[in-house]
$ cat structure.csv   # CSV, C-alpha atoms and all ligand atoms
chain,number,residue,atom,x,y,z
N,13,PRO,CA,-13.7,13.5,-32.0
N,14,SER,CA,-14.7,10.9,-29.4
N,15,ILE,CA,-11.5,10.3,-27.5
N,16,ILE,CA,-10.9,14.0,-27.2
N,17,CYS,CA,-14.3,15.5,-26.4
N,18,GLU,CA,-15.8,12.7,-24.4
N,19,TYR,CA,-15.5,13.3,-20.7
N,20,ASN,CA,-17.2,10.1,-19.6
N,21,ASP,CA,-15.1,7.3,-18.3
N,22,THR,CA,-13.8,5.4,-21.3
N,23,GLY,CA,-13.2,2.3,-19.2
N,24,LEU,CA,-9.6,2.1,-20.3
N,25,HIS,CA,-7.2,1.4,-17.4
N,26,TYR,CA,-5.3,4.6,-18.3
N,27,ASP,CA,-8.6,6.6,-18.5
N,28,ARG,CA,-7.4,9.1,-15.8
N,29,TYR,CA,-4.1,9.8,-17.5
N,30,LEU,CA,-5.9,10.2,-20.8
N,31,ARG,CA,-8.3,12.7,-19.3
N,32,GLU,CA,-5.8,14.7,-17.4
N,33,VAL,CA,-3.6,15.1,-20.4
N,34,ILE,CA,-6.5,16.3,-22.5
N,35,ASP,CA,-7.7,18.6,-19.7
N,36,PHE,CA,-4.3,20.3,-19.6
N,37,LEU,CA,-4.0,20.5,-23.4
N,38,GLU,CA,-7.4,22.1,-23.5
N,39,LYS,CA,-6.0,24.9,-21.2
N,40,ASP,CA,-3.6,25.9,-23.9
N,41,GLN,CA,-5.4,28.2,-26.3
N,42,HIS,CA,-3.4,27.3,-29.4
N,43,PHE,CA,-3.9,23.6,-28.9
N,44,ARG,CA,-7.6,24.0,-28.0
N,45,GLU,CA,-8.2,25.7,-31.4
N,46,LYS,CA,-6.2,23.0,-33.3
N,47,LEU,CA,-8.1,20.3,-31.3
N,48,HIS,CA,-11.5,21.5,-32.5
N,49,ASN,CA,-10.4,22.2,-36.1
N,50,THR,CA,-8.7,18.9,-36.8
N,51,ASP,CA,-10.7,16.0,-38.1
N,52,MET,CA,-10.5,12.5,-36.9
N,53,GLU,CA,-8.5,11.1,-39.8
N,54,ASP,CA,-5.8,13.8,-39.3
N,55,ILE,CA,-5.8,13.2,-35.6
N,56,LYS,CA,-5.3,9.5,-36.2
N,57,GLU,CA,-2.5,10.2,-38.5
N,58,GLY,CA,-0.7,12.2,-35.8
N,59,LYS,CA,-1.2,15.7,-37.2
N,60,LEU,CA,-2.6,16.9,-33.9
N,61,ALA,CA,0.3,15.5,-31.8
N,62,LYS,CA,2.8,17.7,-33.7
N,63,GLU,CA,1.0,20.7,-32.3
N,64,LEU,CA,2.4,19.8,-28.9
N,65,ASP,CA,5.6,21.7,-29.9
N,66,PHE,CA,3.6,24.9,-29.8
N,67,VAL,CA,1.9,24.6,-26.4
N,68,SER,CA,3.1,26.8,-23.5
N,69,HIS,CA,6.0,25.9,-21.3
N,70,HIS,CA,3.7,25.7,-18.2
N,71,VAL,CA,1.5,23.1,-19.9
N,72,ARG,CA,4.5,21.1,-21.0
N,73,THR,CA,5.8,21.0,-17.5
N,74,LYS,CA,2.5,19.8,-16.2
N,75,LEU,CA,2.4,17.1,-18.9
N,76,ASP,CA,5.9,15.9,-17.9
N,77,GLU,CA,4.7,15.6,-14.3
N,78,LEU,CA,1.6,13.7,-15.4
N,79,LYS,CA,3.7,11.3,-17.4
N,80,ARG,CA,6.1,10.7,-14.5
N,81,GLN,CA,3.2,9.9,-12.2
N,82,GLU,CA,1.7,7.5,-14.8
N,83,VAL,CA,5.1,5.7,-15.3
N,84,ASN,CA,5.3,5.3,-11.5
N,85,ARG,CA,1.8,3.9,-11.4
N,86,LEU,CA,2.7,1.4,-14.1
N,87,ARG,CA,5.8,0.3,-12.2
N,88,THR,CA,3.7,-0.1,-9.0
N,89,LEU,CA,1.2,-2.2,-11.1
N,90,ILE,CA,4.0,-4.4,-12.4
N,91,LYS,CA,5.4,-4.9,-8.9
N,92,ALA,CA,2.0,-5.7,-7.5
N,93,LYS,CA,1.3,-8.2,-10.2
N,94,GLN,CA,4.6,-9.9,-9.6
N,95,ASP,CA,4.0,-10.1,-5.9
N,96,ILE,CA,0.7,-11.8,-6.5
N,97,GLU,CA,2.2,-14.2,-9.0
N,98,GLY,CA,4.6,-15.3,-6.2
N,99,GLY,CA,7.5,-13.2,-7.3
N,100,ASN,CA,10.8,-15.0,-6.7
N,101,ASP,CA,13.9,-13.1,-6.4
N,102,ILE,CA,14.8,-13.2,-10.1
N,103,ALA,CA,15.8,-9.7,-11.2
N,104,VAL,CA,12.9,-8.1,-13.1
N,105,ASP,CA,13.4,-6.3,-16.3
N,106,HIS,CA,11.1,-3.4,-15.7
N,107,GLN,CA,12.0,-1.7,-19.0
N,108,ALA,CA,10.8,-4.8,-20.9
N,109,LEU,CA,7.6,-5.0,-18.9
N,110,LEU,CA,6.9,-1.4,-19.4
N,111,LYS,CA,7.0,-2.0,-23.2
N,112,GLN,CA,3.7,-3.7,-23.1
N,113,PHE,CA,2.1,-0.4,-22.3
N,114,GLU,CA,2.1,1.3,-25.7
N,115,TYR,CA,0.2,4.5,-24.8
N,116,LEU,CA,3.4,6.2,-23.7
N,117,ASN,CA,7.1,6.1,-24.5
N,118,HIS,CA,8.8,4.6,-21.5
N,119,MET,CA,12.2,5.2,-22.9
N,120,ASN,CA,12.1,8.8,-21.7
N,121,PRO,CA,10.1,8.4,-18.5
N,122,HIS,CA,10.6,12.1,-17.4
N,123,THR,CA,9.3,14.1,-20.3
N,124,PHE,CA,6.1,14.2,-22.3
N,125,GLU,CA,6.9,14.5,-26.0
N,126,VAL,CA,5.1,14.6,-29.3
N,127,ASP,CA,5.6,10.8,-29.5
N,128,ASP,CA,3.7,10.4,-26.1
N,129,LEU,CA,0.7,12.3,-27.4
N,130,ASP,CA,0.7,10.4,-30.6
N,131,ARG,CA,0.9,7.1,-28.8
N,132,LEU,CA,-1.8,8.1,-26.4
N,133,ILE,CA,-4.2,9.1,-29.2
N,134,LYS,CA,-3.5,5.9,-31.2
N,135,SER,CA,-3.8,3.6,-28.3
N,136,ALA,CA,-7.0,5.1,-27.0
N,137,THR,CA,-8.6,4.9,-30.4
N,138,LYS,CA,-7.5,1.3,-30.9
N,139,ASP,CA,-8.3,0.2,-27.3
N,140,LEU,CA,-11.7,1.8,-27.4
N,141,GLU,CA,-12.5,-0.2,-30.6
N,142,ASN,CA,-11.5,-3.4,-28.8
N,143,TYR,CA,-13.3,-2.4,-25.6
N,144,ASP,CA,-16.7,-3.5,-26.8
N,145,LYS,CA,-15.2,-6.8,-28.0
N,146,GLU,CA,-13.8,-7.5,-24.6
N,147,ARG,CA,-17.1,-6.7,-23.0
N,148,HIS,CA,-18.8,-9.2,-25.2
N,149,GLU,CA,-16.2,-11.8,-24.2
N,150,GLU,CA,-16.8,-11.0,-20.5
N,151,PHE,CA,-20.5,-11.4,-21.0
N,152,LYS,CA,-20.0,-14.8,-22.8
N,153,LYS,CA,-17.9,-16.0,-19.9
N,154,TYR,CA,-20.6,-14.8,-17.5
N,155,GLU,CA,-23.3,-16.7,-19.3
N,156,MET,CA,-21.2,-19.9,-19.4
N,157,MET,CA,-20.4,-19.6,-15.7
N,158,LYS,CA,-24.1,-19.2,-15.0
N,159,GLU,CA,-24.9,-22.4,-17.0
N,160,HIS,CA,-22.0,-24.2,-15.4
N,161,ASP,CA,-23.2,-23.4,-11.9
N,162,ARG,CA,-26.7,-24.5,-12.9
N,163,ARG,CA,-25.4,-27.9,-14.1
N,164,GLU,CA,-23.4,-28.3,-11.0
N,165,HIS,CA,-26.4,-27.6,-8.8
N,166,LEU,CA,-28.5,-30.1,-10.7
N,167,LYS,CA,-25.9,-32.8,-9.9
N,168,THR,CA,-26.5,-32.3,-6.2
N,169,LEU,CA,-30.2,-33.0,-6.5
N,170,ASP,CA,-32.1,-36.3,-6.5
N,171,ASP,CA,-34.2,-37.3,-9.6
N,172,GLU,CA,-37.4,-35.7,-8.4
N,173,GLU,CA,-35.8,-32.4,-7.3
N,174,ARG,CA,-33.9,-32.2,-10.5
N,175,LYS,CA,-37.0,-32.6,-12.5
N,176,LYS,CA,-38.7,-29.9,-10.6
N,177,GLU,CA,-35.7,-27.6,-11.0
N,178,GLU,CA,-35.5,-28.2,-14.7
N,179,GLU,CA,-39.2,-27.4,-15.1
N,180,HIS,CA,-38.8,-24.2,-13.2
N,181,TYR,CA,-35.8,-23.3,-15.3
N,182,GLU,CA,-37.8,-23.8,-18.6
N,183,GLU,CA,-40.7,-21.9,-17.1
N,184,MET,CA,-38.6,-18.9,-16.2
N,185,LYS,CA,-37.0,-18.9,-19.6
N,186,LYS,CA,-40.4,-18.8,-21.2
N,187,LYS,CA,-41.5,-16.0,-18.9
N,188,HIS,CA,-38.5,-14.0,-19.8
N,189,ALA,CA,-39.0,-14.4,-23.5
N,190,ASP,CA,-42.6,-13.3,-23.2
N,191,HIS,CA,-42.5,-9.5,-23.5
N,192,PRO,CA,-44.0,-6.8,-25.7
N,193,LYS,CA,-42.5,-6.3,-29.2
N,194,VAL,CA,-39.1,-4.6,-29.1
N,195,ASN,CA,-38.7,-1.8,-31.7
N,196,HIS,CA,-35.7,-1.9,-33.9
N,197,PRO,CA,-33.0,0.3,-32.2
N,198,GLY,CA,-32.6,3.7,-34.0
N,199,SER,CA,-35.8,3.3,-36.0
N,200,GLN,CA,-38.5,5.9,-36.2
N,201,ASN,CA,-40.8,3.8,-34.1
N,202,GLN,CA,-38.3,3.4,-31.4
N,203,LEU,CA,-37.4,7.1,-31.3
N,204,LYS,CA,-41.0,8.1,-31.5
N,205,GLU,CA,-41.7,6.1,-28.4
N,206,VAL,CA,-39.0,7.9,-26.5
N,207,TRP,CA,-40.4,11.2,-27.8
N,208,GLU,CA,-43.8,10.4,-26.6
N,209,GLU,CA,-43.2,8.5,-23.4
N,210,ALA,CA,-39.9,9.9,-22.0
N,211,ASP,CA,-40.2,13.4,-23.4
N,212,GLY,CA,-44.0,13.6,-23.1
N,213,LEU,CA,-44.4,15.1,-26.6
N,214,ASP,CA,-47.1,14.6,-29.3
N,215,PRO,CA,-46.0,11.8,-31.7
N,216,GLU,CA,-47.6,13.9,-34.5
N,217,ASP,CA,-45.0,16.6,-33.9
N,218,PHE,CA,-42.0,14.2,-34.1
N,219,ASP,CA,-39.0,16.1,-35.5
N,220,PRO,CA,-35.6,14.5,-35.8
N,221,LYS,CA,-33.6,17.7,-35.3
N,222,THR,CA,-35.6,18.6,-32.2
N,223,PHE,CA,-35.2,15.1,-31.0
N,224,PHE,CA,-31.4,15.2,-31.5
N,225,ASN,CA,-31.0,18.5,-29.6
N,226,LEU,CA,-33.2,17.1,-26.7
N,227,HIS,CA,-31.1,14.0,-26.3
N,228,ASP,CA,-27.7,15.5,-26.8
N,229,ALA,CA,-27.4,15.7,-23.1
N,230,ASN,CA,-24.1,17.6,-22.9
N,231,GLY,CA,-25.0,19.9,-25.8
N,232,ASP,CA,-21.8,19.3,-27.8
N,233,GLY,CA,-23.6,18.6,-31.0
N,234,PHE,CA,-22.9,14.8,-31.0
N,235,PHE,CA,-24.5,11.7,-29.7
N,236,ASP,CA,-21.8,9.9,-27.8
N,237,GLU,CA,-22.1,6.3,-26.7
N,238,GLN,CA,-23.7,7.1,-23.4
N,239,GLU,CA,-26.2,9.4,-24.9
N,240,LEU,CA,-27.1,6.8,-27.5
N,241,GLU,CA,-27.4,4.0,-24.9
N,242,ALA,CA,-29.8,6.2,-22.8
N,243,LEU,CA,-32.2,6.2,-25.7
N,244,PHE,CA,-32.7,2.4,-25.3
N,245,THR,CA,-33.9,2.4,-21.7
N,246,LYS,CA,-37.6,2.4,-22.7
N,247,GLU,CA,-37.1,-0.6,-25.0
N,248,LEU,CA,-35.0,-2.5,-22.4
N,249,GLU,CA,-37.7,-2.0,-19.8
N,250,LYS,CA,-40.1,-4.0,-22.0
N,251,ILE,CA,-37.8,-7.0,-21.5
N,252,TYR,CA,-36.2,-6.5,-18.1
N,253,ASP,CA,-37.6,-5.8,-14.7
N,254,PRO,CA,-35.1,-6.0,-11.8
N,255,ALA,CA,-38.0,-7.3,-9.6
N,256,ASN,CA,-38.3,-10.5,-11.7
N,257,GLU,CA,-36.4,-13.6,-11.0
N,258,GLU,CA,-36.2,-14.4,-14.7
N,259,ASP,CA,-34.7,-11.1,-15.8
N,260,ASP,CA,-31.0,-10.8,-15.5
N,261,MET,CA,-29.7,-7.2,-15.4
N,262,VAL,CA,-26.3,-8.2,-16.7
N,263,GLU,CA,-28.1,-9.4,-19.8
N,264,MET,CA,-29.9,-6.2,-20.0
N,265,GLU,CA,-26.6,-4.2,-20.2
N,266,GLU,CA,-25.4,-6.6,-22.9
N,267,GLU,CA,-28.6,-5.9,-24.8
N,268,ARG,CA,-28.0,-2.2,-24.4
N,269,LEU,CA,-24.5,-2.6,-25.7
N,270,ARG,CA,-25.8,-4.6,-28.7
N,271,MET,CA,-28.3,-1.9,-29.5
N,272,ARG,CA,-25.8,0.9,-29.3
N,273,GLU,CA,-23.3,-0.9,-31.5
N,274,HIS,CA,-26.0,-1.6,-34.1
N,275,VAL,CA,-27.0,2.1,-34.3
N,276,MET,CA,-23.5,3.3,-34.2
N,277,ASN,CA,-22.6,1.0,-37.1
N,278,GLU,CA,-25.6,2.1,-39.2
N,279,VAL,CA,-25.4,5.9,-38.5
N,280,ASP,CA,-21.8,6.9,-37.7
N,281,SER,CA,-20.5,7.1,-41.3
N,282,ASN,CA,-17.2,8.7,-40.5
N,283,LYS,CA,-16.5,6.1,-37.8
N,284,ASP,CA,-15.4,8.6,-35.1
N,285,ARG,CA,-17.6,6.8,-32.5
N,286,LEU,CA,-19.9,9.9,-32.4
N,287,VAL,CA,-23.2,10.6,-34.2
N,288,SER,CA,-23.2,14.2,-35.5
N,289,LEU,CA,-26.5,15.9,-36.3
N,290,ASP,CA,-25.8,15.5,-40.0
N,291,GLU,CA,-25.2,11.8,-39.7
N,292,PHE,CA,-28.4,11.5,-37.7
N,293,LEU,CA,-30.5,13.4,-40.2
N,294,VAL,CA,-29.1,11.3,-43.1
N,295,ALA,CA,-30.1,8.2,-41.2
N,296,THR,CA,-33.7,9.4,-40.6
N,297,LYS,CA,-34.2,9.6,-44.3
N,298,LYS,CA,-33.2,6.0,-45.0
N,299,LYS,CA,-35.8,3.3,-45.7
N,300,GLU,CA,-34.7,1.2,-42.7
N,301,PHE,CA,-35.6,4.1,-40.5
N,302,LEU,CA,-39.2,4.1,-41.5
N,303,GLU,CA,-39.6,0.4,-42.2
N,304,PRO,CA,-37.2,-1.5,-40.0
N,305,ASP,CA,-36.7,-5.2,-39.7
N,306,SER,CA,-37.7,-6.7,-36.4
N,307,TRP,CA,-35.0,-6.7,-33.8
N,308,GLU,CA,-33.7,-10.1,-32.6
N,309,THR,CA,-33.3,-9.8,-28.8
N,310,LEU,CA,-30.5,-11.3,-26.8
N,311,GLU,CA,-32.4,-14.4,-25.5
N,312,GLN,CA,-33.2,-15.5,-29.0
N,313,ASN,CA,-29.7,-16.7,-29.5
N,314,GLN,CA,-27.5,-18.5,-27.0
N,315,ALA,CA,-24.4,-16.4,-26.1
N,316,TYR,CA,-22.0,-19.3,-26.6
N,317,THR,CA,-21.8,-22.4,-28.8
N,318,ASP,CA,-21.9,-25.9,-27.3
N,319,GLU,CA,-18.2,-26.3,-28.3
N,320,GLU,CA,-17.3,-23.1,-26.4
N,321,MET,CA,-19.2,-24.4,-23.4
N,322,ARG,CA,-17.4,-27.7,-23.5
N,323,GLU,CA,-14.0,-25.9,-23.7
N,324,PHE,CA,-15.0,-23.6,-20.9
N,325,GLU,CA,-15.9,-26.5,-18.6
N,326,GLU,CA,-12.7,-28.3,-19.5
N,327,HIS,CA,-10.8,-25.2,-18.6
N,328,LEU,CA,-12.6,-25.0,-15.2
N,329,ALA,CA,-11.9,-28.7,-14.5
N,330,GLN,CA,-8.2,-28.1,-15.3
N,331,GLN,CA,-8.1,-25.2,-13.0
N,332,GLU,CA,-9.7,-27.2,-10.2
N,333,GLN,CA,-7.2,-30.0,-10.8
N,334,ASP,CA,-4.3,-27.5,-10.6
N,335,LEU,CA,-5.7,-26.1,-7.4
N,336,ASN,CA,-6.1,-29.6,-5.9
N,337,GLN,CA,-2.5,-30.4,-6.9
N,338,LYS,CA,-1.4,-27.2,-5.2
N,339,ALA,CA,-3.2,-28.2,-2.1
N,340,VAL,CA,-1.5,-31.6,-2.1
N,341,ASP,CA,1.9,-30.0,-2.6
N,342,LEU,CA,1.2,-27.6,0.3
N,343,GLN,CA,0.1,-30.4,2.5
N,344,LYS,CA,3.4,-32.3,1.7
N,345,GLN,CA,5.3,-29.1,2.4
N,346,ARG,CA,3.5,-28.8,5.8
N,347,ASP,CA,4.1,-32.4,6.7
N,348,GLU,CA,7.8,-32.0,5.9
N,349,LEU,CA,8.0,-28.9,8.0
N,350,GLU,CA,6.3,-30.7,10.9
N,351,ARG,CA,8.7,-33.6,10.6
N,352,GLN,CA,11.6,-31.2,10.8
N,353,GLN,CA,10.0,-29.4,13.7
N,354,ASP,CA,9.6,-32.7,15.5
N,355,GLN,CA,13.2,-33.6,14.9
N,356,LEU,CA,14.3,-30.2,16.3
N,357,ASN,CA,12.0,-30.6,19.3
N,358,ALA,CA,13.5,-34.1,20.0
N,359,GLN,CA,17.0,-32.7,19.8
N,360,LYS,CA,16.0,-29.8,22.1
N,361,ILE,CA,14.6,-32.2,24.7
N,362,GLU,CA,17.7,-34.4,24.6
N,363,LEU,CA,19.8,-31.3,25.0
N,364,GLN,CA,17.7,-30.1,27.9
N,365,GLN,CA,18.1,-33.5,29.5
N,366,VAL,CA,21.8,-33.4,29.0
N,367,SER,CA,22.1,-29.9,30.5
N,368,ARG,CA,19.9,-30.8,33.4
N,369,SER,CA,21.9,-33.9,34.2
N,370,LYS,CA,25.1,-31.9,33.8
N,371,PRO,CA,25.2,-30.3,37.3
N,372,LEU,CA,24.4,-33.7,38.8
N,373,LEU,CA,27.3,-35.3,37.0
N,374,GLU,CA,29.5,-32.5,38.0
N,375,ASN,CA,28.3,-32.8,41.6
N,376,HIS,CA,29.2,-36.5,41.5
N,377,ALA,CA,32.5,-35.8,40.0
N,378,ALA,CA,33.4,-33.1,42.4
N,379,PRO,CA,31.0,-33.1,45.3
N,380,HIS,CA,31.4,-29.8,47.3
N,381,ASP,CA,35.1,-29.6,46.4
N,382,PRO,CA,36.1,-26.0,46.7
N,383,HIS,CA,39.4,-26.7,45.0
N,384,ASN,CA,37.9,-27.8,41.7
N,385,THR,CA,39.0,-25.6,38.8
N,386,PRO,CA,36.6,-24.6,36.0
N,387,GLN,CA,38.8,-26.4,33.4
N,388,GLU,CA,38.2,-29.7,35.2
N,389,HIS,CA,34.5,-29.1,35.2
N,390,HIS,CA,34.4,-29.1,31.4
N,391,GLU,CA,35.9,-32.5,30.9
N,392,PRO,CA,33.2,-34.7,32.4
N,393,GLN,CA,30.5,-32.7,30.7
N,394,ASN,CA,32.0,-33.2,27.2
N,395,GLN,CA,32.7,-36.8,27.8
N,396,ASN,CA,29.1,-37.2,28.8
N,397,LEU,CA,27.8,-35.6,25.6
N,398,ALA,CA,30.1,-37.8,23.5
N,399,GLN,CA,28.8,-40.9,25.3
N,400,GLN,CA,25.2,-40.0,24.4
N,401,GLY,CA,26.1,-39.7,20.8
N,402,LEU,CA,25.2,-36.0,20.6
N,403,PRO,CA,28.5,-34.2,20.2
N,404,GLN,CA,27.3,-32.0,17.3
N,405,VAL,CA,23.9,-30.9,18.7
N,406,HIS,CA,25.1,-27.5,19.7
N,407,GLN,CA,26.7,-26.8,16.3
N,408,ASP,CA,23.8,-28.2,14.3
N,409,LEU,CA,21.0,-26.3,15.8
N,410,PRO,CA,21.5,-22.8,14.3
N,411,PRO,CA,21.9,-24.0,10.7
N,412,GLY,CA,19.0,-26.3,11.2
N,413,HIS,CA,16.8,-23.3,12.1
N,414,HIS,CA,17.8,-21.5,9.0
N,415,GLU,CA,17.0,-24.4,6.7
N,416,ILE,CA,13.3,-24.3,7.3
N,417,PRO,CA,12.4,-21.0,5.8
N,418,GLN,CA,14.8,-21.7,2.9
N,419,ASP,CA,13.0,-25.0,2.1
N,420,GLN,CA,9.7,-23.3,2.3
N,421,HIS,CA,10.9,-20.8,-0.2
N,422,ASN,CA,12.1,-23.3,-2.7
N,423,LEU,CA,9.0,-25.5,-2.7
N,424,PRO,CA,6.6,-24.9,-5.6
N,501,CA,CA,-23.4,14.9,-26.8
N,502,CA,CA,-19.6,10.3,-36.7
$ encode --input "structure.csv" --output "structure tokens"
Amino acid sequence: PSIICEYNDTGLHYDRYLREVIDFLEKDQHFREKLHNTDMEDIKEGKLAKELDFVSHHVRTKLDELKRQEVNRLRTLIKAKQDIEGGNDIAVDHQALLKQFEYLNHMNPHTFEVDDLDRLIKSATKDLENYDKERHEEFKKYEMMKEHDRREHLKTLDDEERKKEEEHYEEMKKKHADHPKVNHPGSQNQLKEVWEEADGLDPEDFDPKTFFNLHDANGDGFFDEQELEALFTKELEKIYDPANEEDDMVEMEEERLRMREHVMNEVDSNKDRLVSLDEFLVATKKKEFLEPDSWETLEQNQAYTDEEMREFEEHLAQQEQDLNQKAVDLQKQRDELERQQDQLNAQKIELQQVSRSKPLLENHAAPHDPHNTPQEHHEPQNQNLAQQGLPQVHQDLPPGHHEIPQDQHNLP
């Protein structure tokens, strides 16, 4: 089953945890046997997870440790996310936030239980199914951004330059679309080309079983997603050349993903995200294998609709507006701080003037009089401050200093 036997990076954010858990479970002989004798449906239903009760104490201890580390990692993630989002001092409900991570039971953060294994298997299965979907969404955004940047660039050009640029764009598009015929992925023609050109074998000798064994790179008896994708490199090279301006390698990877999904859908009849030799051999006997339809390549269809593009650009404009508003607010905040600083400076200067003039006043009041007492010295000084209308300056200054960082904090 794919989530268990695949050692390639699944791309899930908890991939490391998933792999470490599986690695340790594999070390337990009883569990390893169960793992390889339980079919995907039973695993999905949680039958395998129950076997956790029979694994050795040593493995269980290790799993507890892995889970503690993972919970800590999630807490750090939550904390970092909040710091970025401008975490104010509102008390954070970590328990509630941990709930969003369904692949472990956060209620008992210290031990790894049957429930944890069950959740891990179910989440990984579900998330892997959504993973391709998310990759398509990412790709769509990438294409819309590319188009947006192009349109923005056109706006900066004068009529003549714009015309030239548009012509060049159309020319590159045409050049990209001009490529040798692409074989239908997973068809006999396609596999035969791999057999002949990549494997250097005689097309007359083409044999599906030999082909399967040749390309089951890790020899586990299944084609996994990576092994399937590797089969399309020859086809993709017909369309994409990294040296060409008109060929976008991000688009090449999207095409690879489309091809793999297509073959997986057609061939993986038990839906475990792996192609077994049996499934493969059944597929090679189908009519579509021998007489496939033509394959519609990526560039034949726009990745997004006009409506989606319009929404995307609106969203970008909104984001820009929000950023501008933020900049205006920050400027206001800065001006206010500067104003407060100026006020403070003015008060400081006045205070300095007062204290500088103080000894003079004192000297006038009591010039070289050795009999003057300290108490008498204070009176003229205080009177002088009162006259200048600054009696509270000394008391005001420290709280004034504190107000600045507080204000800064409260502003949006
Ligand atoms: Ca394999
Ligand atoms: Ca399968």
$ closest_atom_pairs --input "structure.csv" --of "chain N" --to "ligand CA 501 (chain N)" --cutoff "7 Å" --atoms "all atoms listed in the file" --output "Markdown table"
| residue | atom | partner | partner_atom | distance |
| --- | --- | --- | --- | --- |
| N:Asp228 | CA | N:CA501 | CA | 4.3 |
| N:Ala229 | CA | N:CA501 | CA | 5.5 |
| N:Asn230 | CA | N:CA501 | CA | 4.8 |
| N:Gly231 | CA | N:CA501 | CA | 5.3 |
| N:Asp232 | CA | N:CA501 | CA | 4.8 |
| N:Gly233 | CA | N:CA501 | CA | 5.6 |
| N:Phe234 | CA | N:CA501 | CA | 4.2 |
| N:Phe235 | CA | N:CA501 | CA | 4.5 |
| N:Asp236 | CA | N:CA501 | CA | 5.3 |
| N:Glu239 | CA | N:CA501 | CA | 6.5 |
$ write_last_selection --input "structure.csv" --atoms "C-alpha atoms" --output "PDB file, in the coordinates of the input"
ATOM      1  CA  ASP N 228     -27.700  15.500 -26.800  1.00  0.00           C
ATOM      2  CA  ALA N 229     -27.400  15.700 -23.100  1.00  0.00           C
ATOM      3  CA  ASN N 230     -24.100  17.600 -22.900  1.00  0.00           C
ATOM      4  CA  GLY N 231     -25.000  19.900 -25.800  1.00  0.00           C
ATOM      5  CA  ASP N 232     -21.800  19.300 -27.800  1.00  0.00           C
ATOM      6  CA  GLY N 233     -23.600  18.600 -31.000  1.00  0.00           C
ATOM      7  CA  PHE N 234     -22.900  14.800 -31.000  1.00  0.00           C
ATOM      8  CA  PHE N 235     -24.500  11.700 -29.700  1.00  0.00           C
ATOM      9  CA  ASP N 236     -21.800   9.900 -27.800  1.00  0.00           C
ATOM     10  CA  GLU N 239     -26.200   9.400 -24.900  1.00  0.00           C
TER      11      GLU N 239
END
$ closest_residue --input "structure.csv" --among "N:Glu362, N:Asn195, N:Met52, N:Glu247" --to "ligand CA 502 (chain N)" --atoms "all atoms listed in the file"
N:Met52
$ residues_near_point --input "structure.csv" --point "(5.6, 11.6, -17.9)" --cutoff "12 Å" --atoms "all atoms listed in the file" --output "short mmCIF file (atom, residue, chain, number, x, y, z; two decimals) with C-alpha atoms, keeping the file's coordinate frame"
data_model
loop_
_atom_site.label_atom_id
_atom_site.label_comp_id
_atom_site.auth_asym_id
_atom_site.auth_seq_id
_atom_site.Cartn_x
_atom_site.Cartn_y
_atom_site.Cartn_z
CA TYR N 29 -4.10 9.80 -17.50
CA LEU N 30 -5.90 10.20 -20.80
CA GLU N 32 -5.80 14.70 -17.40
CA VAL N 33 -3.60 15.10 -20.40
CA ARG N 72 4.50 21.10 -21.00
CA THR N 73 5.80 21.00 -17.50
CA LYS N 74 2.50 19.80 -16.20
CA LEU N 75 2.40 17.10 -18.90
CA ASP N 76 5.90 15.90 -17.90
CA GLU N 77 4.70 15.60 -14.30
CA LEU N 78 1.60 13.70 -15.40
CA LYS N 79 3.70 11.30 -17.40
CA ARG N 80 6.10 10.70 -14.50
CA GLN N 81 3.20 9.90 -12.20
CA GLU N 82 1.70 7.50 -14.80
CA VAL N 83 5.10 5.70 -15.30
CA ASN N 84 5.30 5.30 -11.50
CA ARG N 85 1.80 3.90 -11.40
CA LEU N 86 2.70 1.40 -14.10
CA TYR N 115 0.20 4.50 -24.80
CA LEU N 116 3.40 6.20 -23.70
CA ASN N 117 7.10 6.10 -24.50
CA HIS N 118 8.80 4.60 -21.50
CA MET N 119 12.20 5.20 -22.90
CA ASN N 120 12.10 8.80 -21.70
CA PRO N 121 10.10 8.40 -18.50
CA HIS N 122 10.60 12.10 -17.40
CA THR N 123 9.30 14.10 -20.30
CA PHE N 124 6.10 14.20 -22.30
CA GLU N 125 6.90 14.50 -26.00
CA VAL N 126 5.10 14.60 -29.30
CA ASP N 127 5.60 10.80 -29.50
CA ASP N 128 3.70 10.40 -26.10
CA LEU N 129 0.70 12.30 -27.40
CA LEU N 132 -1.80 8.10 -26.40
#
$ closest_residue --input "structure.csv" --among "N:Asp144, N:Asp190, N:Asp130, N:Leu289" --to "Thr309 in chain N" --atoms "all atoms listed in the file"
N:Asp190
$ closest_atom_pairs --input "structure.csv" --of "chain N" --to "ligand CA 502 (chain N)" --cutoff "12 Å" --atoms "only C-alpha atoms and all ligand atoms" --output "tab-separated table"
residue	atom	partner	partner_atom	distance
N:Pro13	CA	N:CA502	CA	8.2
N:Ser14	CA	N:CA502	CA	8.8
N:Asp51	CA	N:CA502	CA	10.7
N:Met52	CA	N:CA502	CA	9.4
N:Glu53	CA	N:CA502	CA	11.6
N:Gly233	CA	N:CA502	CA	10.8
N:Phe234	CA	N:CA502	CA	8.0
N:Phe235	CA	N:CA502	CA	8.7
N:Asp236	CA	N:CA502	CA	9.2
N:Glu237	CA	N:CA502	CA	11.1
N:Val275	CA	N:CA502	CA	11.3
N:Met276	CA	N:CA502	CA	8.4
N:Asn277	CA	N:CA502	CA	9.8
N:Glu278	CA	N:CA502	CA	10.5
N:Val279	CA	N:CA502	CA	7.5
N:Asp280	CA	N:CA502	CA	4.2
N:Ser281	CA	N:CA502	CA	5.7
N:Asn282	CA	N:CA502	CA	4.8
N:Lys283	CA	N:CA502	CA	5.3
N:Asp284	CA	N:CA502	CA	4.8
N:Arg285	CA	N:CA502	CA	5.8
N:Leu286	CA	N:CA502	CA	4.3
N:Val287	CA	N:CA502	CA	4.4
N:Ser288	CA	N:CA502	CA	5.4
N:Leu289	CA	N:CA502	CA	8.9
N:Asp290	CA	N:CA502	CA	8.7
N:Glu291	CA	N:CA502	CA	6.5
N:Phe292	CA	N:CA502	CA	8.9
N:Leu293	CA	N:CA502	CA	11.9
N:Val294	CA	N:CA502	CA	11.5
N:Ala295	CA	N:CA502	CA	11.6
